[in-house]
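S.K.: Starting off with a structure, shown below.
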Amino acid sequence: MPSLVIRNGTIVDGSGGEPYVADLAVADGRIAAIGPALPRGDTEIDATGKLVTPGFVDVHTHYDAQATWAERLSPSTWNGVTTALLGNCGVGFAPCHPEQRDMLVKLMEGVEDIPEVVLTEGLPWNWHTFPEFMDALAARRYDTDIAVQVPHAALRVYVMGQRGADREIASAGDRAAMAALTREGIEAGALGFSTSRTLNHRTLDGKHIPTLRAEEAELSEIAAAMGAGWVQIVSDFDDPDAEFGLFRRIAEHSGRPVTLTLLQSDSRPDGWRGLLDHIAEANATGLSITGQIRSRPTSVLLGFELSQNPFMRRPSYRAIEALPFAERLSHLRDPVFRTRLLGEEFQGGRRSRRVMQWDRLFALGGPPDYEPAPDQSIAARAARENRTPDEVAYDLLMENDGRGILYLPVTNYAAGNLDVVRDMIAHPDTLIGLGDGGAHVGVMCDATATSYTLTHWTRDRGRGGLFSVPFIIKRLTRDNAAAIGLHDRGLLKPGLKADINVLDYDKLLLRSPEIAYDLPAGGKRLIQRTAGFDATIVSGEVVYRQGIATGALPGRLVRGAQRDASAVAITPG
């Protein structure tokens with residue numbers, strides 16, 4: 001007898017093919033059968049009029065810390081994610097000598113905006129080597145499956161100590177040690193190796209990430225030693241041809257797939273097209289390189305309860321910024337304080353002044369609008385209302401008891417719309433990722449991009465073309481699962497893992513982000529809830545019903561690539 005039967009759902013199976021109505025039966029954590037009038041199960045879900053899809057696979061998260069202290073990897077799991085890949089961008093907490101723990105905490109605090117006090121109190125540090133870190137995760141239970149990558153920054157510090165943190169050139173011995181440790185991590189079940197070459201990744205005191213200028217010999221030797229898994233890289237592409245040439249040679253020398261962060265910058269609005277041309281040409285020769293994209297802008301959220309706001313570098317605000325939010329709010333409500341603050345000058349450099357980029361700042365609203373028209377900017381609203389942008393921004397932030405949120409799109413929005421993102425999603429050499437779940441907890445909540453991709457790009461977008469539901473589901477499931485070697489999921493097919501979402505498509509929506517104080521030491525983070533997820537199922541167990549946790553925690557650490565779906569026997573019926 002099946003443990004679960006989902007009745008009369010519209011099956012969107014992850015292949016990109018046409019949906020069809022059928023029952024789906026689950027037994028022993030796998031899909032047992034798909035077809036009409038299947039026998040009753042121990043548990044039944046009526047999915048009449050609902051979509052039944054594979055669980056979403058998120059290939060770019062930073063839950064490396066959260067996974068050591070929490071059982072639930074929200075908000076990703078509130079958004080249908082049933083497999084999450086950790087350890088991106090070269091940062092993580094293993095391998096690590098005990099005396100280097102503070103160094104890695106400070107690095108993660110700066111790069112991923114997770115407060116030091118949260119990490120210091122939350123991390124159990126019951127590991128030393130990378131396989132020990134994996135063992136610590138494997139001993140825990142989750143509401144989603146997780147997989148990991150070997151992070152280059154931690155590896156470099158582990159082998160080279162302060163020399164690695166100071167970005168000194170790795171010696172032949174250093175390179176050999178890093179290559180051997182990476183191979184050890186892959187053999188223990190890591191799905192890849194990650195590194196960062198972007199100036200945006202710094203410690204809180206402004207020091208660059210240890211991997212920033214790692215030489216080709218170092219990267220190539222590590223990649224060649226892997227034997228399995230992919231190489232994940234984030235780069236600024238300041239010299240696109242030279243930088244891509246480096247990554248292509250790594251792919252050629254190692255035989256490993258390579259995935260590169262691909263975004264549109266305001267300074268080079270067409271640069272991403274050239275990179276995609278390079279990727280397509282390389283793949284035509286037999287290499288495997290993908291551009292990893294966001295389905296909406298990289299953005300910063302601003303608010304008085306958040307980590308940043310347009311007034312954070314003015315003297316009067318700095319005088320109250322350390323106060324608890326309720327006390328800060330009492331000052332912000334004072335008309336005298338408001339007048340004084342609005343009359344002060346912003347004291348900060350060019351980078352920090354982006355929070356006052358009035359023609360690119362918008363009220364996020366509810367439900368949130370991630371593709372606002374230029375005439376909705378703070379600057380445009382101020383001009384219409386014959387007020388200063390400061391006044392408009394302040395009053396919007398004071399809405400909802402001081403919890404109003406402003407939205408600043410940083411990448412993928414050079415033209416004031418998401419047309420370029422549509423082209424990126426449509427390209428065969430891209431993967432949808434970069435949600436960064438678990439990171440940047442005070443300035444963004446892009447882990448909801450799975451829900452956004454489905455709602456905005458198949459139903460809600462009013463400013464351009466849409467995609468079909470089967471195409472987007474395939475992009476969120478089978479494509480990502482196959483890219484990281486997990487061929488036992490991402491499709492609804494008998495014999496495969498029963499990771500499933502049941503969706504009320506017409507009611508799917510993102511709610512407004514909000515602050516929760518639920519991290520260790522009472523640390524805050526942005527969360528964002530959804531509606532329309534009737535059920536999320538991991539290994540055949542329902543982990544969420546109508547967005548509410550059931551208590552089931554079937555998620556586990558995934559070790560190593562899984563067998564190809566084509567090799568799985570199909571159960572009759």
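Simple scheme: letters A, B, ... for chains in structure tokens order, numbers from 1 for residues in each chain, numbers from 1 for ligands in the order shown.
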For Glu281 of chain A, list every protein, DNA or RNA residue within 12 Å, evaluated using only C-alpha atoms, and leave out those in the same chain fewer than 6 positions away; present the list as a list in words.

M.R.: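 Counting only C-alpha atoms, the residues come to Phe244, Gly245, Arg248, Gly274, Leu275, Leu287, Ser288, Ile289, Thr290 and Asp429 of chain A.
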
S.K.: Would you mind exporting C-alpha atoms of the selected residues as a PDB file, in the first residue's frame?

M.R.:
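Written output follows (part.pdb):
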```
ATOM      1  CA  PHE A 244      36.713  33.905 -18.927  1.00  0.00           C
ATOM      2  CA  GLY A 245      39.828  32.535 -20.619  1.00  0.00           C
ATOM      3  CA  ARG A 248      37.772  28.003 -19.681  1.00  0.00           C
ATOM      4  CA  GLY A 274      29.457  38.717 -24.293  1.00  0.00           C
ATOM      5  CA  LEU A 275      30.031  36.272 -21.466  1.00  0.00           C
ATOM      6  CA  LEU A 287      33.047  21.779 -22.292  1.00  0.00           C
ATOM      7  CA  SER A 288      30.378  22.243 -19.602  1.00  0.00           C
ATOM      8  CA  ILE A 289      30.100  25.849 -18.431  1.00  0.00           C
ATOM      9  CA  THR A 290      26.946  27.554 -17.190  1.00  0.00           C
ATOM     10  CA  ASP A 429      23.452  27.697 -20.967  1.00  0.00           C
TER      11      ASP A 429
END
```

S.K.: Could you find all residues in segment 296-408 of chain A that DSSP calls alpha helix (DSSP H) from the backbone, and write them as a PyMOL selection string?

M.R.: chain A and resi 315-318+325-332+335-342+378-385+389-397+399-402

S.K.: So that I have them on file, write out the residues from the current selection with N, CA and C atoms, as a short mmCIF file (atom, residue, chain, number, x, y, z; two decimals), in the first residue's frame.

M.R.:
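Once written, again11.cif looks like this:
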```
data_model
loop_
_atom_site.label_atom_id
_atom_site.label_comp_id
_atom_site.auth_asym_id
_atom_site.auth_seq_id
_atom_site.Cartn_x
_atom_site.Cartn_y
_atom_site.Cartn_z
N PRO A 315 24.29 62.27 11.32
CA PRO A 315 24.67 62.28 12.74
C PRO A 315 23.54 61.92 13.70
N SER A 316 22.36 62.45 13.48
CA SER A 316 21.27 62.20 14.43
C SER A 316 20.87 60.73 14.43
N TYR A 317 20.90 60.08 13.25
CA TYR A 317 20.55 58.67 13.22
C TYR A 317 21.65 57.83 13.86
N ARG A 318 22.91 58.19 13.63
CA ARG A 318 23.99 57.42 14.21
C ARG A 318 23.94 57.47 15.73
N PHE A 325 14.92 48.55 18.58
CA PHE A 325 14.06 49.16 17.57
C PHE A 325 12.94 49.99 18.19
N ALA A 326 12.33 49.51 19.25
CA ALA A 326 11.22 50.25 19.86
C ALA A 326 11.68 51.63 20.34
N GLU A 327 12.87 51.70 20.92
CA GLU A 327 13.38 52.99 21.38
C GLU A 327 13.77 53.89 20.21
N ARG A 328 14.36 53.28 19.18
CA ARG A 328 14.67 54.07 17.98
C ARG A 328 13.41 54.66 17.38
N LEU A 329 12.35 53.84 17.36
CA LEU A 329 11.10 54.27 16.75
C LEU A 329 10.50 55.47 17.48
N SER A 330 10.66 55.52 18.79
CA SER A 330 10.12 56.66 19.53
C SER A 330 10.81 57.95 19.11
N HIS A 331 12.11 57.89 18.83
CA HIS A 331 12.82 59.07 18.31
C HIS A 331 12.36 59.40 16.90
N LEU A 332 12.22 58.38 16.06
CA LEU A 332 11.85 58.61 14.66
C LEU A 332 10.45 59.21 14.54
N PRO A 335 8.53 64.70 15.73
CA PRO A 335 8.65 65.67 14.63
C PRO A 335 9.92 66.51 14.69
N VAL A 336 10.37 66.82 15.89
CA VAL A 336 11.59 67.62 16.04
C VAL A 336 12.80 66.81 15.53
N PHE A 337 12.85 65.52 15.92
CA PHE A 337 13.93 64.65 15.45
C PHE A 337 13.89 64.53 13.93
N ARG A 338 12.70 64.35 13.38
CA ARG A 338 12.55 64.21 11.93
C ARG A 338 13.10 65.43 11.21
N THR A 339 12.72 66.62 11.66
CA THR A 339 13.18 67.86 11.03
C THR A 339 14.70 67.97 11.10
N ARG A 340 15.25 67.66 12.25
CA ARG A 340 16.70 67.76 12.41
C ARG A 340 17.42 66.76 11.50
N LEU A 341 16.93 65.52 11.47
CA LEU A 341 17.57 64.49 10.65
C LEU A 341 17.52 64.84 9.17
N LEU A 342 16.38 65.32 8.69
CA LEU A 342 16.24 65.65 7.27
C LEU A 342 17.12 66.82 6.87
N ILE A 378 11.45 57.00 -5.86
CA ILE A 378 11.33 58.05 -4.84
C ILE A 378 11.50 59.42 -5.49
N ALA A 379 12.44 59.54 -6.41
CA ALA A 379 12.66 60.83 -7.08
C ALA A 379 11.42 61.27 -7.85
N ALA A 380 10.81 60.34 -8.60
CA ALA A 380 9.63 60.69 -9.38
C ALA A 380 8.46 61.04 -8.48
N ARG A 381 8.27 60.30 -7.41
CA ARG A 381 7.18 60.60 -6.47
C ARG A 381 7.38 61.96 -5.82
N ALA A 382 8.61 62.27 -5.44
CA ALA A 382 8.89 63.56 -4.81
C ALA A 382 8.59 64.71 -5.76
N ALA A 383 8.95 64.54 -7.03
CA ALA A 383 8.68 65.59 -8.01
C ALA A 383 7.17 65.81 -8.17
N ARG A 384 6.39 64.72 -8.21
CA ARG A 384 4.94 64.85 -8.35
C ARG A 384 4.31 65.49 -7.12
N GLU A 385 4.86 65.19 -5.95
CA GLU A 385 4.27 65.69 -4.71
C GLU A 385 4.88 67.01 -4.25
N PRO A 389 13.06 64.26 -1.93
CA PRO A 389 13.13 62.80 -1.85
C PRO A 389 13.34 62.30 -0.41
N ASP A 390 14.10 63.06 0.39
CA ASP A 390 14.31 62.67 1.79
C ASP A 390 12.98 62.56 2.53
N GLU A 391 12.12 63.54 2.33
CA GLU A 391 10.83 63.54 3.03
C GLU A 391 9.97 62.35 2.60
N VAL A 392 9.93 62.09 1.30
CA VAL A 392 9.13 60.98 0.80
C VAL A 392 9.66 59.66 1.36
N ALA A 393 10.99 59.48 1.30
CA ALA A 393 11.59 58.25 1.79
C ALA A 393 11.33 58.05 3.28
N TYR A 394 11.49 59.10 4.06
CA TYR A 394 11.28 59.00 5.51
C TYR A 394 9.84 58.57 5.82
N ASP A 395 8.90 59.21 5.15
CA ASP A 395 7.49 58.90 5.44
C ASP A 395 7.12 57.49 5.01
N LEU A 396 7.67 57.03 3.88
CA LEU A 396 7.41 55.65 3.46
C LEU A 396 8.00 54.64 4.45
N LEU A 397 9.18 54.93 4.97
CA LEU A 397 9.81 54.04 5.93
C LEU A 397 9.06 54.00 7.26
N GLU A 399 5.85 54.00 7.52
CA GLU A 399 4.60 53.25 7.39
C GLU A 399 4.71 51.91 8.10
N ASN A 400 3.55 51.32 8.42
CA ASN A 400 3.51 50.01 9.09
C ASN A 400 4.31 50.04 10.39
N ASP A 401 4.07 51.08 11.20
CA ASP A 401 4.75 51.22 12.50
C ASP A 401 6.26 51.24 12.36
N GLY A 402 6.73 51.99 11.37
CA GLY A 402 8.17 52.14 11.18
C GLY A 402 8.84 50.98 10.49
#
```

S.K.: For segment 438-468 of chain A versus segment 100-113 of chain A, which residues have an atom no more than 12 Å away, and what is each residue's nearest atom pair and distance in Å rounded to one decimal, using only C-alpha atoms, chain-then-number order, as JSON lines?

M.R.:
```
{"residue": "A:Gly438", "atom": "CA", "partner": "A:Glu112", "partner_atom": "CA", "distance": 8.3}
{"residue": "A:Ala439", "atom": "CA", "partner": "A:Glu112", "partner_atom": "CA", "distance": 4.9}
{"residue": "A:His440", "atom": "CA", "partner": "A:Asp113", "partner_atom": "CA", "distance": 4.5}
{"residue": "A:Val441", "atom": "CA", "partner": "A:Asp113", "partner_atom": "CA", "distance": 6.2}
{"residue": "A:Gly442", "atom": "CA", "partner": "A:Asp113", "partner_atom": "CA", "distance": 6.9}
{"residue": "A:Val443", "atom": "CA", "partner": "A:Asp113", "partner_atom": "CA", "distance": 8.2}
{"residue": "A:Met444", "atom": "CA", "partner": "A:Asp113", "partner_atom": "CA", "distance": 9.9}
{"residue": "A:Cys445", "atom": "CA", "partner": "A:Asp113", "partner_atom": "CA", "distance": 12.0}
```

S.K.: Would you put the residues from that selection into a file with N, CA and C atoms, as a tab-separated table (two decimals), in the first residue's frame?

M.R.:
```tsv
chain	number	residue	atom	x	y	z
A	438	GLY	N	20.08	32.24	3.60
A	438	GLY	CA	20.94	32.14	4.77
A	438	GLY	C	21.97	33.24	4.88
A	439	ALA	N	22.08	34.09	3.86
A	439	ALA	CA	23.07	35.16	3.87
A	439	ALA	C	22.40	36.52	3.69
A	440	HIS	N	23.20	37.58	3.92
A	440	HIS	CA	22.72	38.95	3.74
A	440	HIS	C	21.42	39.17	4.50
A	441	VAL	N	21.37	38.65	5.71
A	441	VAL	CA	20.10	38.50	6.40
A	441	VAL	C	19.47	39.83	6.82
A	442	GLY	N	20.25	40.91	6.81
A	442	GLY	CA	19.68	42.20	7.19
A	442	GLY	C	19.37	43.12	6.05
A	443	VAL	N	19.68	42.68	4.80
A	443	VAL	CA	19.49	43.58	3.65
A	443	VAL	C	18.75	42.95	2.48
A	444	MET	N	18.54	41.64	2.49
A	444	MET	CA	17.81	41.03	1.38
A	444	MET	C	17.16	39.73	1.84
A	445	CYS	N	16.21	39.28	1.03
A	445	CYS	CA	15.58	37.98	1.26
A	445	CYS	C	15.26	37.37	-0.10
```

S.K.: Tell me which protein, DNA and RNA residues are within 7 Å of segment 56-65 of chain A, counting only C-alpha atoms, leaving out same-chain ones fewer than 2 positions away, and put them as a ChimeraX atom specification.

M.R.: /A:54,67-68,80-88,92,123,433-439,476-477,480-481

S.K.: What lies within 12 Å of Asp423 of chain A using only C-alpha atoms, ignoring chain neighbours under 5 positions off, as a PyMOL selection string?

M.R.: chain A and resi 263-264+270+272-273+276+293-296+412+418+428-430+457+464-467

S.K.: Include N, CA and C atoms and write out the residues we just selected as a CSV table (one decimal), in the first residue's frame.

M.R.:
```csv
chain,number,residue,atom,x,y,z
A,263,LEU,N,25.5,38.4,-14.1
A,263,LEU,CA,24.6,39.5,-13.8
A,263,LEU,C,24.8,40.6,-14.7
A,264,GLN,N,23.8,41.5,-14.9
A,264,GLN,CA,24.0,42.7,-15.6
A,264,GLN,C,24.4,43.8,-14.7
A,270,ASP,N,25.8,45.6,-21.3
A,270,ASP,CA,25.8,44.5,-22.3
A,270,ASP,C,26.9,43.5,-22.0
A,272,TRP,N,27.2,41.0,-20.0
A,272,TRP,CA,26.7,39.7,-19.7
A,272,TRP,C,26.4,38.9,-21.0
A,273,ARG,N,26.0,39.7,-22.1
A,273,ARG,CA,25.8,39.0,-23.4
A,273,ARG,C,27.1,38.5,-23.9
A,276,LEU,N,27.9,35.3,-22.1
A,276,LEU,CA,27.1,34.1,-22.6
A,276,LEU,C,27.6,33.6,-24.0
A,293,ILE,N,22.3,32.6,-12.8
A,293,ILE,CA,21.6,33.9,-12.9
A,293,ILE,C,20.6,34.0,-11.8
A,294,ARG,N,20.1,35.3,-11.6
A,294,ARG,CA,19.0,35.6,-10.7
A,294,ARG,C,17.8,35.8,-11.6
A,295,SER,N,16.6,35.5,-11.1
A,295,SER,CA,15.4,35.7,-11.9
A,295,SER,C,14.8,37.1,-11.6
A,296,ARG,N,15.5,37.9,-10.8
A,296,ARG,CA,15.1,39.3,-10.5
A,296,ARG,C,16.4,40.0,-10.2
A,412,ASN,N,21.0,43.9,-12.9
A,412,ASN,CA,19.9,43.4,-13.7
A,412,ASN,C,18.8,44.4,-13.9
A,418,LEU,N,13.0,44.2,-16.5
A,418,LEU,CA,13.7,42.9,-16.4
A,418,LEU,C,13.8,42.2,-17.8
A,428,PRO,N,19.9,28.6,-23.1
A,428,PRO,CA,20.1,27.2,-22.7
A,428,PRO,C,21.3,26.9,-21.9
A,429,ASP,N,22.2,27.9,-21.7
A,429,ASP,CA,23.5,27.7,-21.0
A,429,ASP,C,23.4,28.4,-19.6
A,430,THR,N,22.2,28.7,-19.1
A,430,THR,CA,22.1,29.3,-17.8
A,430,THR,C,21.4,28.4,-16.8
A,457,TRP,N,7.2,35.1,-13.7
A,457,TRP,CA,7.6,34.9,-15.1
A,457,TRP,C,6.6,34.0,-15.8
A,464,GLY,N,6.1,42.8,-20.1
A,464,GLY,CA,6.8,42.1,-21.1
A,464,GLY,C,6.4,40.6,-21.1
A,465,GLY,N,7.2,39.8,-21.9
A,465,GLY,CA,6.8,38.4,-22.2
A,465,GLY,C,6.9,37.5,-21.0
A,466,LEU,N,6.2,36.4,-21.1
A,466,LEU,CA,6.1,35.4,-20.1
A,466,LEU,C,6.7,34.1,-20.6
A,467,PHE,N,6.9,33.1,-19.7
A,467,PHE,CA,7.2,31.7,-20.0
A,467,PHE,C,6.1,30.8,-19.7
```

S.K.: Mind checking which residues fall within 10 Å of segment 139-142 of chain A, counting only C-alpha atoms, ignoring those fewer than 3 positions away in the same chain, and posting them as a ChimeraX atom specification?

M.R.: /A:67-73,77,82,134-136,145-146,538,543,552-557

S.K.: How would you write, as a PyMOL selection string, the set of residues in segment 67-266 of chain A that DSSP gives as strand (DSSP E or B)?

M.R.: chain A and resi 81-85+142+145-147+150-151+192-197+202+208+230-235+258-261

S.K.: Considering only C-alpha atoms, give me a table of residues in segment 246-307 of chain A that are at most 10 Å from segment 360-367 of chain A, with the closest atom pair and distance in Å for each, as a Markdown table.

M.R.:
```
| residue | atom | partner | partner_atom | distance |
| --- | --- | --- | --- | --- |
| A:Val300 | CA | A:Leu361 | CA | 9.6 |
| A:Leu301 | CA | A:Leu364 | CA | 8.3 |
| A:Leu302 | CA | A:Leu361 | CA | 9.3 |
```

S.K.: So that I can see what lies close to Ala373 of chain A, please list as a PDB file with N, CA and C atoms, in the first residue's frame the residues with an atom at most 8 Å from it, counting only C-alpha atoms and leaving out residues fewer than 2 positions away in the same chain.

M.R.:
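selection20.pdb, written as the output of this step:
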```pdb
ATOM      1  N   GLU A 371       9.712  44.625 -10.066  1.00  0.00           N
ATOM      2  CA  GLU A 371       9.940  45.231 -11.382  1.00  0.00           C
ATOM      3  C   GLU A 371       9.136  46.524 -11.480  1.00  0.00           C
ATOM      4  N   ASP A 375       8.683  55.612 -13.099  1.00  0.00           N
ATOM      5  CA  ASP A 375       7.876  56.704 -12.565  1.00  0.00           C
ATOM      6  C   ASP A 375       7.374  56.436 -11.147  1.00  0.00           C
ATOM      7  N   GLN A 376       7.756  55.266 -10.596  1.00  0.00           N
ATOM      8  CA  GLN A 376       7.413  54.959  -9.210  1.00  0.00           C
ATOM      9  C   GLN A 376       8.589  55.169  -8.259  1.00  0.00           C
ATOM     10  N   SER A 377       9.693  55.668  -8.769  1.00  0.00           N
ATOM     11  CA  SER A 377      10.868  55.877  -7.921  1.00  0.00           C
ATOM     12  C   SER A 377      10.609  56.968  -6.892  1.00  0.00           C
ATOM     13  N   GLY A 416      15.714  49.759 -16.200  1.00  0.00           N
ATOM     14  CA  GLY A 416      14.487  49.979 -15.446  1.00  0.00           C
ATOM     15  C   GLY A 416      13.416  48.932 -15.692  1.00  0.00           C
ATOM     16  N   ASN A 417      13.823  47.761 -16.217  1.00  0.00           N
ATOM     17  CA  ASN A 417      12.896  46.636 -16.395  1.00  0.00           C
ATOM     18  C   ASN A 417      13.712  45.345 -16.389  1.00  0.00           C
TER      19      ASN A 417
END
```

S.K.: Can you pull out the residues contacting Arg559 of chain A? Cut-off 10 Å, using only C-alpha atoms, and skip same-chain residues under 3 positions away; I want them as a list in words.

M.R.: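 Final neighbour list, sorted by chain and number: Met134, Ala138, Ile146, Ala147, Val148, Ile186, Glu187, Ala188, Gly189, Ala190, Leu191, Leu486, Arg556 and Gln562 of chain A.
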
S.K.: What is the distance, in Å and to one decimal place, between atom CA of Ile222 of chain A and atom CA of Ile432 of chain A?

M.R.: 25.8 Å

S.K.: Quick one: of A:Ile405, A:Ile34, A:Asp205, A:Thr261, who's nearest to Asn309 of chain A, counting only C-alpha atoms?

M.R.: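 Counting only C-alpha atoms, the residue closest to Asn309 of chain A is A:Ile405.
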
S.K.: Sort by chain and increasing residue number a table of all residues of segment 468-492 of chain A within 12 Å of segment 500-505 of chain A, each with its closest pair of atoms and their distance in Å to one decimal, counting only C-alpha atoms, and write it as a Markdown table.

M.R.:
```
| residue | atom | partner | partner_atom | distance |
| --- | --- | --- | --- | --- |
| A:Val469 | CA | A:Tyr505 | CA | 9.8 |
| A:Ile473 | CA | A:Asn501 | CA | 10.7 |
| A:Leu476 | CA | A:Asn501 | CA | 11.8 |
| A:Thr477 | CA | A:Ile500 | CA | 10.1 |
| A:Arg489 | CA | A:Ile500 | CA | 9.5 |
| A:Gly490 | CA | A:Ile500 | CA | 8.9 |
| A:Leu491 | CA | A:Ile500 | CA | 9.1 |
| A:Leu492 | CA | A:Ile500 | CA | 7.9 |
```

S.K.: Could those residues be written to a file, using N, CA and C atoms, as a PDB file, in the first residue's frame?

M.R.:
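What follows is the written file out_27.pdb:
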```pdb
ATOM      1  N   VAL A 469       4.468  27.537 -17.747  1.00  0.00           N
ATOM      2  CA  VAL A 469       4.692  26.906 -16.446  1.00  0.00           C
ATOM      3  C   VAL A 469       5.621  25.699 -16.565  1.00  0.00           C
ATOM      4  N   ILE A 473       9.107  25.363 -14.367  1.00  0.00           N
ATOM      5  CA  ILE A 473       9.256  24.258 -13.422  1.00  0.00           C
ATOM      6  C   ILE A 473      10.493  23.429 -13.759  1.00  0.00           C
ATOM      7  N   LEU A 476      13.568  25.146 -12.482  1.00  0.00           N
ATOM      8  CA  LEU A 476      13.721  25.142 -11.028  1.00  0.00           C
ATOM      9  C   LEU A 476      13.973  23.749 -10.466  1.00  0.00           C
ATOM     10  N   THR A 477      13.813  22.720 -11.285  1.00  0.00           N
ATOM     11  CA  THR A 477      13.873  21.361 -10.758  1.00  0.00           C
ATOM     12  C   THR A 477      14.908  20.510 -11.506  1.00  0.00           C
ATOM     13  N   ARG A 489      16.371  13.049  -8.519  1.00  0.00           N
ATOM     14  CA  ARG A 489      15.309  13.998  -8.170  1.00  0.00           C
ATOM     15  C   ARG A 489      15.174  15.029  -9.276  1.00  0.00           C
ATOM     16  N   GLY A 490      14.179  15.916  -9.141  1.00  0.00           N
ATOM     17  CA  GLY A 490      13.969  16.943 -10.161  1.00  0.00           C
ATOM     18  C   GLY A 490      12.971  16.552 -11.230  1.00  0.00           C
ATOM     19  N   LEU A 491      12.508  15.309 -11.198  1.00  0.00           N
ATOM     20  CA  LEU A 491      11.492  14.809 -12.125  1.00  0.00           C
ATOM     21  C   LEU A 491      10.438  14.040 -11.342  1.00  0.00           C
ATOM     22  N   LEU A 492       9.213  14.087 -11.809  1.00  0.00           N
ATOM     23  CA  LEU A 492       8.175  13.202 -11.290  1.00  0.00           C
ATOM     24  C   LEU A 492       8.135  11.983 -12.192  1.00  0.00           C
TER      25      LEU A 492
END
```

S.K.: Counting only C-alpha atoms, which of A:Ala22, A:Ala242, A:Ala27, A:Val421 gets nearest to Glu541 of chain A?

M.R.: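 Looking only at the distances to Glu541 of chain A, the closest residue turns out to be A:Ala27.
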
S.K.: When you draw a straight line from atom CA of Phe237 of chain A to atom CA of Leu262 of chain A, how long is it in Å?

M.R.: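 So the two atoms, atom CA of Phe237 of chain A and atom CA of Leu262 of chain A, lie 9.6 Å apart.
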